[in-house]
Structure formats: structure tokens, C-alpha cells
file entry.cif (mmCIF, C-alpha atoms and all ligand atoms)
data_model
loop_
_atom_site.label_atom_id
_atom_site.label_comp_id
_atom_site.auth_asym_id
_atom_site.auth_seq_id
_atom_site.Cartn_x
_atom_site.Cartn_y
_atom_site.Cartn_z
CA MET X 3 0.00 0.00 0.00
CA LYS X 4 1.05 3.57 -0.64
CA LEU X 5 0.63 5.83 2.36
CA GLN X 6 0.76 9.57 1.74
CA LEU X 7 0.66 12.05 4.61
CA ILE X 8 -1.47 14.95 3.41
CA GLY X 9 -1.24 16.92 6.67
CA THR X 10 0.65 16.35 9.90
CA GLY X 11 -0.17 19.41 12.01
CA SER X 12 -2.28 20.02 15.09
CA ILE X 13 -4.51 23.11 15.15
CA THR X 14 -1.64 25.24 16.50
CA ALA X 15 0.85 24.24 13.79
CA PRO X 16 1.53 25.74 10.35
CA GLN X 17 1.29 22.26 8.83
CA THR X 18 -2.04 21.16 7.36
CA SER X 19 -4.51 19.32 9.61
CA ALA X 20 -3.69 15.66 10.14
CA SER X 21 -4.88 13.60 7.18
CA SER X 22 -3.56 10.55 5.35
CA LEU X 23 -4.27 8.94 2.00
CA ILE X 24 -3.92 5.28 1.09
CA ASP X 25 -3.41 4.23 -2.53
CA ASP X 26 -5.04 7.51 -3.64
CA ARG X 27 -8.38 5.89 -2.74
CA ILE X 28 -8.92 5.99 1.01
CA LEU X 29 -8.63 9.29 2.90
CA ILE X 30 -8.42 9.38 6.68
CA ASP X 31 -9.86 12.65 8.01
CA CYS X 32 -10.69 15.78 6.05
CA GLY X 33 -10.09 18.71 8.38
CA THR X 34 -9.30 22.36 7.73
CA GLY X 35 -7.07 22.86 4.69
CA VAL X 36 -7.07 19.27 3.52
CA THR X 37 -9.00 19.79 0.26
CA LYS X 38 -6.63 22.53 -0.91
CA GLU X 39 -3.62 20.46 0.16
CA LEU X 40 -4.91 17.55 -1.95
CA LEU X 41 -5.34 19.87 -4.93
CA LYS X 42 -1.86 21.39 -4.44
CA ARG X 43 -0.36 17.91 -4.37
CA LYS X 44 -2.24 17.09 -7.57
CA VAL X 45 -4.11 14.20 -6.00
CA ARG X 46 -6.99 13.18 -8.27
CA ILE X 47 -9.58 13.97 -5.64
CA PHE X 48 -12.48 12.42 -7.48
CA ASP X 49 -10.68 9.06 -7.38
CA ILE X 50 -11.06 8.98 -3.60
CA GLU X 51 -13.67 6.31 -2.89
CA VAL X 52 -13.84 6.32 0.90
CA ILE X 53 -13.23 8.88 3.62
CA LEU X 54 -12.91 7.69 7.21
CA ILE X 55 -13.63 10.43 9.76
CA THR X 56 -12.15 9.78 13.20
CA HIS X 57 -14.21 12.21 15.32
CA LEU X 58 -16.18 15.43 15.23
CA HIS X 59 -13.50 18.04 15.88
CA GLY X 60 -13.19 20.68 13.16
CA ASP X 61 -9.58 19.89 12.32
CA HIS X 62 -10.78 16.42 11.28
CA PHE X 63 -13.93 17.09 9.22
CA PHE X 64 -14.47 20.82 8.46
CA ASP X 65 -13.33 20.49 4.82
CA LEU X 66 -16.03 17.98 3.91
CA PRO X 67 -18.44 20.65 2.52
CA TYR X 68 -15.78 21.80 0.00
CA LEU X 69 -15.18 18.30 -1.22
CA ILE X 70 -18.92 17.60 -1.45
CA LEU X 71 -19.47 20.83 -3.42
CA LEU X 72 -16.53 20.16 -5.76
CA ARG X 73 -17.92 16.73 -6.54
CA SER X 74 -21.36 18.19 -7.13
CA PHE X 75 -20.09 20.96 -9.45
CA ASN X 76 -18.26 18.31 -11.48
CA GLU X 77 -21.18 15.87 -11.34
CA VAL X 78 -18.84 13.03 -10.38
CA THR X 79 -20.43 9.67 -11.08
CA ASP X 80 -18.03 7.38 -9.16
CA SER X 81 -19.35 7.16 -5.63
CA LEU X 82 -17.72 8.54 -2.50
CA LYS X 83 -18.69 7.03 0.86
CA ILE X 84 -17.85 9.05 3.95
CA TYR X 85 -17.86 6.92 7.09
CA GLY X 86 -17.90 8.52 10.52
CA PRO X 87 -19.42 8.70 13.98
CA LYS X 88 -23.08 9.39 14.67
CA ASN X 89 -24.14 13.03 14.08
CA LEU X 90 -21.61 13.44 11.24
CA LYS X 91 -24.34 14.09 8.65
CA GLU X 92 -26.08 16.61 10.88
CA SER X 93 -22.73 18.34 11.61
CA VAL X 94 -21.85 18.63 7.92
CA GLU X 95 -25.32 20.02 7.19
CA ALA X 96 -24.77 22.59 9.96
CA LEU X 97 -21.49 23.62 8.28
CA PHE X 98 -23.35 24.11 5.00
CA ALA X 99 -26.00 26.17 6.78
CA ILE X 100 -23.39 28.48 8.34
CA GLY X 101 -20.89 28.64 5.47
CA PHE X 102 -23.19 28.61 2.48
CA ALA X 103 -26.48 30.00 3.80
CA ASP X 104 -27.53 30.97 0.27
CA LEU X 105 -27.56 27.35 -0.88
CA GLU X 106 -30.88 25.60 -0.58
CA ASN X 107 -31.63 21.90 -0.52
CA ILE X 108 -28.20 20.66 0.56
CA GLU X 109 -29.17 17.09 -0.25
CA GLN X 110 -28.98 17.87 -3.99
CA PHE X 111 -25.20 18.42 -3.65
CA PHE X 112 -24.79 14.95 -2.18
CA ILE X 113 -26.90 13.45 -4.97
CA LYS X 114 -25.28 15.37 -7.86
CA GLY X 115 -21.77 14.41 -6.73
CA ASN X 116 -22.73 10.85 -5.79
CA THR X 117 -21.55 11.36 -2.21
CA SER X 118 -23.02 9.69 0.85
CA ILE X 119 -22.37 9.90 4.59
CA ILE X 120 -22.66 6.68 6.55
CA GLU X 121 -22.68 6.85 10.34
CA PHE X 122 -21.69 3.80 12.36
CA ASP X 123 -21.03 2.52 15.87
CA ASN X 124 -18.57 -0.12 14.86
CA LEU X 125 -17.27 -0.22 11.30
CA LYS X 126 -16.19 -3.38 9.56
CA VAL X 127 -16.49 -3.22 5.76
CA LYS X 128 -14.78 -4.64 2.71
CA MET X 129 -13.83 -2.37 -0.16
CA GLY X 130 -12.47 -4.58 -2.94
CA ASP X 131 -9.22 -6.04 -1.57
CA TYR X 132 -9.24 -3.76 1.47
CA ASN X 133 -10.69 -4.44 4.89
CA LEU X 134 -11.62 -1.31 6.79
CA GLU X 135 -12.19 -1.47 10.52
CA SER X 136 -12.79 1.06 13.29
CA VAL X 137 -11.52 0.86 16.87
CA LEU X 138 -12.72 2.99 19.77
CA VAL X 139 -9.94 5.14 21.22
CA ASP X 140 -9.85 7.54 24.18
CA HIS X 141 -9.96 11.24 23.26
CA GLY X 142 -11.06 12.52 26.69
CA LYS X 143 -14.57 13.92 26.66
CA THR X 144 -14.93 13.61 22.88
CA LYS X 145 -16.94 10.43 22.42
CA PRO X 146 -16.99 8.49 20.27
CA SER X 147 -13.53 8.91 18.85
CA TYR X 148 -12.24 6.30 16.43
CA GLY X 149 -8.99 4.93 15.15
CA TYR X 150 -8.93 2.88 11.94
CA ILE X 151 -7.21 -0.13 10.48
CA VAL X 152 -6.80 -0.49 6.72
CA GLU X 153 -5.72 -3.99 5.76
CA LYS X 154 -4.76 -5.39 2.37
CA ASP X 155 -2.86 -8.57 1.48
CA GLY X 156 -1.93 -9.18 5.12
CA LYS X 157 -0.44 -5.69 5.59
CA ARG X 158 -2.11 -3.34 8.04
CA ILE X 159 -1.79 0.42 8.33
CA SER X 160 -3.50 1.82 11.40
CA PHE X 161 -4.46 5.33 12.48
CA SER X 162 -4.94 6.54 16.02
CA GLY X 163 -7.15 9.53 15.24
CA ASP X 164 -6.93 11.71 18.35
CA SER X 165 -6.35 9.75 21.56
CA CYS X 166 -4.43 9.59 24.77
CA TYR X 167 -2.66 6.32 25.57
CA CYS X 168 -5.11 3.40 25.92
CA GLN X 169 -5.03 -0.33 25.32
CA ALA X 170 -6.63 0.08 21.88
CA ILE X 171 -3.70 2.26 20.78
CA GLU X 172 -1.16 -0.24 22.08
CA ASP X 173 -2.99 -3.01 20.20
CA LEU X 174 -2.91 -0.94 17.00
CA VAL X 175 0.88 -0.60 17.26
CA LEU X 176 1.37 -4.27 18.14
CA ASN X 177 -0.78 -5.58 15.30
CA SER X 178 0.06 -3.25 12.40
CA SER X 179 2.78 -3.02 9.78
CA VAL X 180 2.90 0.65 10.69
CA ALA X 181 0.79 2.83 13.01
CA VAL X 182 0.18 6.50 12.22
CA LEU X 183 -0.14 8.03 15.68
CA GLU X 184 -1.10 11.48 16.84
CA CYS X 185 1.27 13.34 19.14
CA GLY X 186 -0.69 16.50 19.84
CA PHE X 187 1.29 18.20 22.59
CA PRO X 188 4.77 18.04 24.13
CA ASN X 189 3.34 16.32 27.21
CA ASN X 190 0.77 13.56 27.72
CA SER X 191 -2.75 14.69 28.59
CA ARG X 192 -6.25 13.30 29.06
CA ASP X 193 -6.88 13.87 25.34
CA HIS X 194 -3.58 13.41 23.52
CA MET X 195 -0.35 11.45 23.49
CA GLY X 196 2.98 13.12 24.12
CA PRO X 197 6.45 12.09 22.90
CA GLU X 198 7.07 9.97 26.04
CA THR X 199 4.12 7.73 25.16
CA ILE X 200 5.35 7.49 21.57
CA GLU X 201 8.75 6.41 22.91
CA GLU X 202 7.18 3.65 25.03
CA LEU X 203 5.00 2.45 22.16
CA SER X 204 7.93 2.40 19.74
CA ALA X 205 9.24 -0.66 21.56
CA LYS X 206 6.17 -2.50 20.28
CA GLY X 207 6.09 -1.55 16.60
CA ARG X 208 6.78 0.87 13.79
CA ILE X 209 5.29 4.36 14.18
CA ILE X 210 4.80 7.45 12.04
CA THR X 211 3.77 10.55 14.01
CA THR X 212 1.21 13.12 12.92
CA HIS X 213 -1.09 15.82 14.41
CA MET X 214 1.90 17.59 15.98
CA SER X 215 2.40 21.08 17.35
CA LEU X 216 5.72 22.70 16.43
CA ASP X 217 7.06 22.07 19.98
CA THR X 218 6.12 18.42 19.78
CA ARG X 219 7.66 18.02 16.35
CA GLU X 220 10.92 19.55 17.59
CA LYS X 221 10.95 17.40 20.71
CA LEU X 222 10.37 14.21 18.71
CA GLN X 223 13.05 15.16 16.21
CA LYS X 224 15.55 15.69 19.04
CA MET X 225 14.63 12.34 20.62
CA ASN X 226 15.45 10.67 17.29
CA LEU X 227 13.70 7.43 18.27
CA GLU X 228 14.40 4.18 16.55
CA ASN X 229 11.21 2.83 14.93
CA VAL X 230 9.63 6.32 14.80
CA LYS X 231 9.41 8.54 11.74
CA VAL X 232 8.34 12.11 12.47
CA GLY X 233 5.83 12.68 9.68
CA ALA X 234 6.00 15.67 7.34
CA ASP X 235 3.29 16.95 5.00
CA GLY X 236 3.64 15.17 1.67
CA ASP X 237 5.71 12.21 2.93
CA ILE X 238 5.05 9.01 1.01
CA PHE X 239 5.70 5.49 2.34
CA TYR X 240 5.27 2.14 0.63
CA ILE X 241 4.09 -0.67 2.91
CA TYR X 242 4.53 -4.09 1.24
ZN ZN X 301 -9.68 16.02 18.48
#
call {"tool": "encode", "arguments": {"input": "entry.cif", "output": "C-alpha cells", "more": "lines below"}}
Ligand SMILES: [Zn+2]
result
Amino acid sequence: MKLQLIGTGSITAPQTSASSLIDDRILIDCGTGVTKELLKRKVRIFDIEVILITHLHGDHFFDLPYLILLRSFNEVTDSLKIYGPKNLKESVEALFAIGFADLENIEQFFIKGNTSIIEFDNLKVKMGDYNLESVLVDHGKTKPSYGYIVEKDGKRISFSGDSCYCQAIEDLVLNSSVAVLECGFPNNSRDHMGPETIEELSAKGRIITTHMSLDTREKLQKMNLENVKVGADGDIFYIY
């Protein structure tokens, strides 16, 4: 699988919001700035078939209206399925209502661009050769918050979404070819992992970090941990 980091920043960082793309077909999170970043990187955005949203914080889903509108304007016929937690559809409709109050009948934009939002409690779907699975993680008061596993031909790439340390995160690292983990702040908190947690987890498997503040990025770079790649916007990895 090809793994492309579209954004690797937290909300305080100059880097684009954390988002990753697998094989140009599966996008994980679509927060602020992600659509323009995809366009800048010349990703064929209408080839994206699935978007997996981890949780309902703006830096993870606020760009969905742009993508939905672009697809509608271009009358894209290949379908896009957006999977995410309950209330995702309602939240995206609220963004349309605030951001594009002049537009009526929002549903027509979903239909014209062949885009659908599917809310779930526990995701387990097949998409061709890929198995997509959600795991519940611990992002403090933000519930539910999901991580994801994308599996193909026995290789697994996993994503923490936003989470503090919890058993589900450790299991993701243990059972994946590579785990893309958030590292939101320089210190551990109730909501996010810090570099010390990343260091502990790196004994259990290969890690790429994302969702970093500038301080966190610097700290991780100085720690220079074996088994940990500090992710940068645009990085591409091949997992075979
Ligand atoms: Zn969050």
C-alpha cells in the first residue's frame, strides 16, 4: 500500500490538519485545509472512494463541505462514501447552513456528486481487496472517537485519530505493519499522546507521528527514536 501524509499538524501548527491517503483511494480525516492540500499535491480527488472520519472536531472534518461541493459541481459519477461517527451528517449540514447559507436543498449536492455519509457505531467493511475497521480510542470527553485499520494482502496500516494512551492504541501498534499516531502536545494529557508515550510504544512496533504542534515536532526530532518517523506533510511510504 502507498501511504501519503497529506497533513501532519495540530490546530496550532503551520502544517495542514492531520490527514492521510492510502493508494489515492482511502482518505483518513478531512479537516481544515485538507482539500486545498490535496489539490496542491495534484491528488486526483475524485478518485477517492472512501473517507474515514475519526471524530467530530473541526480539524478532522471541516473540509467535507468543500469536497462535497466540488464533486457536485463536477457531477462526479463514481461514488464517495464518507464513514464517521453518529451526528456526522447533521454536523456537515450545519457547516453548510453556516458557510453557504444561500444554498438551498443541501441534499442535492450529495446526490449530484454521488456522495453519501454513513454513520456507524462499529465499522467493519470490505472495499475490494481492502478491509476497513474502526476501533474505539480515548480522546477525553470527545466520544466516540475512532482509530482505523486499513488492511490489504496481510499488511495493516492503522491510524490513532486523536487519543491519549489506551489499550486500543497499544494493540494498533502491536498488530500493524505501521501505526500512524497522533502526538498532539509536548506532554501527555487526558486527550492526547505526548512524545514519552510514543517512545514507550515504539518498543512495540513501527510508528509514524502526525497531528503535531511545532514544539512536539521539535521534541520528537531531538529524541530521534528508533522505529519512529516524524511525519512531514507530503511524505510518502510504501508498505509491502
Ligand atoms: Zn480532536
call {"tool": "residues_near_point", "arguments": {"input": "entry.cif", "point": "(6.0, 10.5, 16.3)", "cutoff": "12 Å", "atoms": "all atoms listed in the file", "output": "VMD selection string"}}
result
chain X and resid 10 to 11 162 180 to 188 195 to 204 208 to 215 218 to 234
call {"tool": "write_last_selection", "arguments": {"input": "entry.cif", "atoms": "C-alpha atoms", "output": "compact mmCIF listing (two decimals), in the frame of the given file"}}
result
# COMPACT_ATOMS: atom_id res chain seq x y z
CA THR X 10 0.65 16.35 9.90
CA GLY X 11 -0.17 19.41 12.01
CA SER X 162 -4.94 6.54 16.02
CA VAL X 180 2.90 0.65 10.69
CA ALA X 181 0.79 2.83 13.01
CA VAL X 182 0.18 6.50 12.22
CA LEU X 183 -0.14 8.03 15.68
CA GLU X 184 -1.10 11.48 16.84
CA CYS X 185 1.27 13.34 19.14
CA GLY X 186 -0.69 16.50 19.84
CA PHE X 187 1.29 18.20 22.59
CA PRO X 188 4.77 18.04 24.13
CA MET X 195 -0.35 11.45 23.49
CA GLY X 196 2.98 13.12 24.12
CA PRO X 197 6.45 12.09 22.90
CA GLU X 198 7.07 9.97 26.04
CA THR X 199 4.12 7.73 25.16
CA ILE X 200 5.35 7.49 21.57
CA GLU X 201 8.75 6.41 22.91
CA GLU X 202 7.18 3.65 25.03
CA LEU X 203 5.00 2.45 22.16
CA SER X 204 7.93 2.40 19.74
CA ARG X 208 6.78 0.87 13.79
CA ILE X 209 5.29 4.36 14.18
CA ILE X 210 4.80 7.45 12.04
CA THR X 211 3.77 10.55 14.01
CA THR X 212 1.21 13.12 12.92
CA HIS X 213 -1.09 15.82 14.41
CA MET X 214 1.90 17.59 15.98
CA SER X 215 2.40 21.08 17.35
CA THR X 218 6.12 18.42 19.78
CA ARG X 219 7.66 18.02 16.35
CA GLU X 220 10.92 19.55 17.59
CA LYS X 221 10.95 17.40 20.71
CA LEU X 222 10.37 14.21 18.71
CA GLN X 223 13.05 15.16 16.21
CA LYS X 224 15.55 15.69 19.04
CA MET X 225 14.63 12.34 20.62
CA ASN X 226 15.45 10.67 17.29
CA LEU X 227 13.70 7.43 18.27
CA GLU X 228 14.40 4.18 16.55
CA ASN X 229 11.21 2.83 14.93
CA VAL X 230 9.63 6.32 14.80
CA LYS X 231 9.41 8.54 11.74
CA VAL X 232 8.34 12.11 12.47
CA GLY X 233 5.83 12.68 9.68
CA ALA X 234 6.00 15.67 7.34
call {"tool": "closest_atom_pairs", "arguments": {"input": "entry.cif", "of": "chain X", "to": "ligand ZN 301 (chain X)", "cutoff": "7 Å", "atoms": "only C-alpha atoms and all ligand atoms", "output": "tab-separated table"}}
result
residue	atom	partner	partner_atom	distance
X:His57	CA	X:ZN301	ZN	6.7
X:His59	CA	X:ZN301	ZN	5.0
X:His141	CA	X:ZN301	ZN	6.8
X:Asp164	CA	X:ZN301	ZN	5.1
call {"tool": "atom_distance", "arguments": {"input": "entry.cif", "atom1": "CA of Leu82 (chain X)", "atom2": "CA of Glu51 (chain X)"}}
result
4.6 Å
call {"tool": "closest_residue", "arguments": {"input": "entry.cif", "among": "X:Gly60, X:Leu105, X:Gln110, X:Arg27", "to": "Ser81 (chain X)", "atoms": "all atoms listed in the file"}}
result
X:Arg27
call {"tool": "atom_distance", "arguments": {"input": "entry.cif", "atom1": "CA of Gly115 (chain X)", "atom2": "CA of Lys83 (chain X)"}}
result
11.0 Å
call {"tool": "atom_distance", "arguments": {"input": "entry.cif", "atom1": "CA of Ile70 (chain X)", "atom2": "CA of Glu121 (chain X)"}}
result
16.4 Å
call {"tool": "residues_around", "arguments": {"input": "entry.cif", "residues": "Asn116 (chain X)", "least_positions_apart": "6", "cutoff": "8 Å", "atoms": "all atoms listed in the file", "output": "PyMOL selection string"}}
result
chain X and resi 73-74+77-82
call {"tool": "write_last_selection", "arguments": {"input": "entry.cif", "atoms": "C-alpha atoms", "output": "PDB file, in the coordinates of the input"}}
result
ATOM      1  CA  ARG X  73     -17.920  16.730  -6.540  1.00  0.00           C
ATOM      2  CA  SER X  74     -21.360  18.190  -7.130  1.00  0.00           C
ATOM      3  CA  GLU X  77     -21.180  15.870 -11.340  1.00  0.00           C
ATOM      4  CA  VAL X  78     -18.840  13.030 -10.380  1.00  0.00           C
ATOM      5  CA  THR X  79     -20.430   9.670 -11.080  1.00  0.00           C
ATOM      6  CA  ASP X  80     -18.030   7.380  -9.160  1.00  0.00           C
ATOM      7  CA  SER X  81     -19.350   7.160  -5.630  1.00  0.00           C
ATOM      8  CA  LEU X  82     -17.720   8.540  -2.500  1.00  0.00           C
TER       9      LEU X  82
END
call {"tool": "residues_around", "arguments": {"input": "entry.cif", "residues": "region 48-50 of chain X", "least_positions_apart": "2", "cutoff": "6 Å", "atoms": "all atoms listed in the file", "output": "list in words"}}
result
Arg27, Ile28, Arg46 and Val52 of chain X
call {"tool": "write_last_selection", "arguments": {"input": "entry.cif", "atoms": "C-alpha atoms", "output": "PDB file, in the frame of the given file"}}
result
ATOM      1  CA  ARG X  27      -8.380   5.890  -2.740  1.00  0.00           C
ATOM      2  CA  ILE X  28      -8.920   5.990   1.010  1.00  0.00           C
ATOM      3  CA  ARG X  46      -6.990  13.180  -8.270  1.00  0.00           C
ATOM      4  CA  VAL X  52     -13.840   6.320   0.900  1.00  0.00           C
TER       5      VAL X  52
END
call {"tool": "axis_aligned_box", "arguments": {"input": "entry.cif", "around": "region 99-109 of chain X", "padding_each_side": "5 Å", "output": "lines of an AutoDock Vina configuration file"}}
result
center_x = -26.3
center_y = 24.0
center_z = 3.7
size_x = 20.7
size_y = 23.9
size_z = 19.2
call {"tool": "residues_around", "arguments": {"input": "entry.cif", "residues": "Leu58 (chain X)", "least_positions_apart": "3", "cutoff": "9 Å", "atoms": "all atoms listed in the file", "output": "VMD selection string"}}
result
chain X and resid 55 61 to 64 86 to 87 89 to 90 93 144 to 147
call {"tool": "residues_around", "arguments": {"input": "entry.cif", "residues": "Gly236 (chain X)", "least_positions_apart": "3", "cutoff": "7 Å", "atoms": "all atoms listed in the file", "output": "PyMOL selection string"}}
result
chain X and resi 6-8
call {"tool": "closest_residue", "arguments": {"input": "entry.cif", "among": "X:Leu66, X:Val175, X:Val94, X:Leu23", "to": "Gly149 (chain X)", "atoms": "all atoms listed in the file"}}
result
X:Val175
call {"tool": "closest_residue", "arguments": {"input": "entry.cif", "among": "X:Asp31, X:Asp235, X:Asp131, X:Asp173", "to": "Glu153 (chain X)", "atoms": "all atoms listed in the file"}}
result
X:Asp131
call {"tool": "decode", "arguments": {"input": "entry.cif", "residues": "region 56-90 of chain X", "atoms": "N, CA and C atoms", "output": "PDB file, in the first residue's frame"}}
result
ATOM      1  N   THR X  56     -12.459  10.363  11.886  1.00  0.00           N
ATOM      2  CA  THR X  56     -12.153   9.782  13.201  1.00  0.00           C
ATOM      3  C   THR X  56     -13.066  10.315  14.302  1.00  0.00           C
ATOM      4  N   HIS X  57     -13.353  11.630  14.275  1.00  0.00           N
ATOM      5  CA  HIS X  57     -14.213  12.211  15.315  1.00  0.00           C
ATOM      6  C   HIS X  57     -14.630  13.617  14.899  1.00  0.00           C
ATOM      7  N   LEU X  58     -15.553  14.179  15.664  1.00  0.00           N
ATOM      8  CA  LEU X  58     -16.179  15.429  15.232  1.00  0.00           C
ATOM      9  C   LEU X  58     -15.499  16.665  15.821  1.00  0.00           C
ATOM     10  N   HIS X  59     -14.203  16.782  15.646  1.00  0.00           N
ATOM     11  CA  HIS X  59     -13.502  18.040  15.879  1.00  0.00           C
ATOM     12  C   HIS X  59     -13.196  18.648  14.514  1.00  0.00           C
ATOM     13  N   GLY X  60     -13.279  19.993  14.447  1.00  0.00           N
ATOM     14  CA  GLY X  60     -13.188  20.676  13.159  1.00  0.00           C
ATOM     15  C   GLY X  60     -11.942  20.368  12.364  1.00  0.00           C
ATOM     16  N   ASP X  61     -10.820  20.164  13.052  1.00  0.00           N
ATOM     17  CA  ASP X  61      -9.577  19.888  12.324  1.00  0.00           C
ATOM     18  C   ASP X  61      -9.559  18.475  11.746  1.00  0.00           C
ATOM     19  N   HIS X  62     -10.690  17.768  11.867  1.00  0.00           N
ATOM     20  CA  HIS X  62     -10.781  16.424  11.280  1.00  0.00           C
ATOM     21  C   HIS X  62     -11.904  16.284  10.250  1.00  0.00           C
ATOM     22  N   PHE X  63     -12.840  17.273  10.207  1.00  0.00           N
ATOM     23  CA  PHE X  63     -13.929  17.092   9.216  1.00  0.00           C
ATOM     24  C   PHE X  63     -14.451  18.390   8.589  1.00  0.00           C
ATOM     25  N   PHE X  64     -13.897  19.561   8.952  1.00  0.00           N
ATOM     26  CA  PHE X  64     -14.465  20.823   8.461  1.00  0.00           C
ATOM     27  C   PHE X  64     -14.325  21.037   6.954  1.00  0.00           C
ATOM     28  N   ASP X  65     -13.473  20.295   6.275  1.00  0.00           N
ATOM     29  CA  ASP X  65     -13.331  20.490   4.824  1.00  0.00           C
ATOM     30  C   ASP X  65     -14.310  19.649   4.012  1.00  0.00           C
ATOM     31  N   LEU X  66     -15.115  18.841   4.676  1.00  0.00           N
ATOM     32  CA  LEU X  66     -16.033  17.985   3.907  1.00  0.00           C
ATOM     33  C   LEU X  66     -16.970  18.782   2.993  1.00  0.00           C
ATOM     34  N   PRO X  67     -17.541  19.926   3.438  1.00  0.00           N
ATOM     35  CA  PRO X  67     -18.437  20.646   2.517  1.00  0.00           C
ATOM     36  C   PRO X  67     -17.759  21.031   1.195  1.00  0.00           C
ATOM     37  N   TYR X  68     -16.472  21.427   1.244  1.00  0.00           N
ATOM     38  CA  TYR X  68     -15.780  21.804   0.004  1.00  0.00           C
ATOM     39  C   TYR X  68     -15.698  20.625  -0.953  1.00  0.00           C
ATOM     40  N   LEU X  69     -15.330  19.490  -0.388  1.00  0.00           N
ATOM     41  CA  LEU X  69     -15.181  18.296  -1.219  1.00  0.00           C
ATOM     42  C   LEU X  69     -16.539  17.887  -1.802  1.00  0.00           C
ATOM     43  N   ILE X  70     -17.570  17.973  -0.990  1.00  0.00           N
ATOM     44  CA  ILE X  70     -18.924  17.603  -1.446  1.00  0.00           C
ATOM     45  C   ILE X  70     -19.379  18.564  -2.552  1.00  0.00           C
ATOM     46  N   LEU X  71     -19.094  19.853  -2.385  1.00  0.00           N
ATOM     47  CA  LEU X  71     -19.466  20.834  -3.422  1.00  0.00           C
ATOM     48  C   LEU X  71     -18.677  20.613  -4.707  1.00  0.00           C
ATOM     49  N   LEU X  72     -17.352  20.384  -4.568  1.00  0.00           N
ATOM     50  CA  LEU X  72     -16.528  20.160  -5.763  1.00  0.00           C
ATOM     51  C   LEU X  72     -17.042  18.972  -6.570  1.00  0.00           C
ATOM     52  N   ARG X  73     -17.407  17.917  -5.857  1.00  0.00           N
ATOM     53  CA  ARG X  73     -17.923  16.726  -6.543  1.00  0.00           C
ATOM     54  C   ARG X  73     -19.253  17.040  -7.233  1.00  0.00           C
ATOM     55  N   SER X  74     -20.061  17.834  -6.566  1.00  0.00           N
ATOM     56  CA  SER X  74     -21.361  18.188  -7.130  1.00  0.00           C
ATOM     57  C   SER X  74     -21.190  19.058  -8.380  1.00  0.00           C
ATOM     58  N   PHE X  75     -20.315  20.072  -8.287  1.00  0.00           N
ATOM     59  CA  PHE X  75     -20.091  20.957  -9.450  1.00  0.00           C
ATOM     60  C   PHE X  75     -19.614  20.153 -10.660  1.00  0.00           C
ATOM     61  N   ASN X  76     -18.821  19.129 -10.399  1.00  0.00           N
ATOM     62  CA  ASN X  76     -18.258  18.315 -11.479  1.00  0.00           C
ATOM     63  C   ASN X  76     -19.115  17.099 -11.828  1.00  0.00           C
ATOM     64  N   GLU X  77     -20.243  16.983 -11.116  1.00  0.00           N
ATOM     65  CA  GLU X  77     -21.180  15.871 -11.345  1.00  0.00           C
ATOM     66  C   GLU X  77     -20.454  14.528 -11.436  1.00  0.00           C
ATOM     67  N   VAL X  78     -19.643  14.254 -10.404  1.00  0.00           N
ATOM     68  CA  VAL X  78     -18.837  13.026 -10.379  1.00  0.00           C
ATOM     69  C   VAL X  78     -19.765  11.817 -10.259  1.00  0.00           C
ATOM     70  N   THR X  79     -19.536  10.836 -11.090  1.00  0.00           N
ATOM     71  CA  THR X  79     -20.434   9.670 -11.080  1.00  0.00           C
ATOM     72  C   THR X  79     -19.906   8.520 -10.218  1.00  0.00           C
ATOM     73  N   ASP X  80     -18.560   8.416 -10.070  1.00  0.00           N
ATOM     74  CA  ASP X  80     -18.025   7.383  -9.157  1.00  0.00           C
ATOM     75  C   ASP X  80     -18.389   7.777  -7.730  1.00  0.00           C
ATOM     76  N   SER X  81     -18.823   6.793  -6.952  1.00  0.00           N
ATOM     77  CA  SER X  81     -19.348   7.155  -5.630  1.00  0.00           C
ATOM     78  C   SER X  81     -18.249   7.449  -4.610  1.00  0.00           C
ATOM     79  N   LEU X  82     -18.580   8.303  -3.665  1.00  0.00           N
ATOM     80  CA  LEU X  82     -17.720   8.539  -2.498  1.00  0.00           C
ATOM     81  C   LEU X  82     -18.553   8.238  -1.259  1.00  0.00           C
ATOM     82  N   LYS X  83     -18.018   7.340  -0.416  1.00  0.00           N
ATOM     83  CA  LYS X  83     -18.687   7.029   0.855  1.00  0.00           C
ATOM     84  C   LYS X  83     -17.868   7.626   1.987  1.00  0.00           C
ATOM     85  N   ILE X  84     -18.526   8.430   2.800  1.00  0.00           N
ATOM     86  CA  ILE X  84     -17.851   9.046   3.946  1.00  0.00           C
ATOM     87  C   ILE X  84     -18.366   8.363   5.201  1.00  0.00           C
ATOM     88  N   TYR X  85     -17.485   7.617   5.860  1.00  0.00           N
ATOM     89  CA  TYR X  85     -17.860   6.923   7.092  1.00  0.00           C
ATOM     90  C   TYR X  85     -17.430   7.739   8.300  1.00  0.00           C
ATOM     91  N   GLY X  86     -18.274   7.785   9.316  1.00  0.00           N
ATOM     92  CA  GLY X  86     -17.903   8.521  10.518  1.00  0.00           C
ATOM     93  C   GLY X  86     -18.866   8.279  11.653  1.00  0.00           C
ATOM     94  N   PRO X  87     -18.583   8.920  12.787  1.00  0.00           N
ATOM     95  CA  PRO X  87     -19.416   8.702  13.981  1.00  0.00           C
ATOM     96  C   PRO X  87     -20.813   9.283  13.834  1.00  0.00           C
ATOM     97  N   LYS X  88     -21.706   8.871  14.725  1.00  0.00           N
ATOM     98  CA  LYS X  88     -23.081   9.393  14.669  1.00  0.00           C
ATOM     99  C   LYS X  88     -23.046  10.923  14.807  1.00  0.00           C
ATOM    100  N   ASN X  89     -24.015  11.560  14.167  1.00  0.00           N
ATOM    101  CA  ASN X  89     -24.139  13.033  14.076  1.00  0.00           C
ATOM    102  C   ASN X  89     -23.227  13.661  13.031  1.00  0.00           C
ATOM    103  N   LEU X  90     -22.482  12.853  12.273  1.00  0.00           N
ATOM    104  CA  LEU X  90     -21.612  13.445  11.243  1.00  0.00           C
ATOM    105  C   LEU X  90     -22.442  14.150  10.173  1.00  0.00           C
TER     106      LEU X  90
END
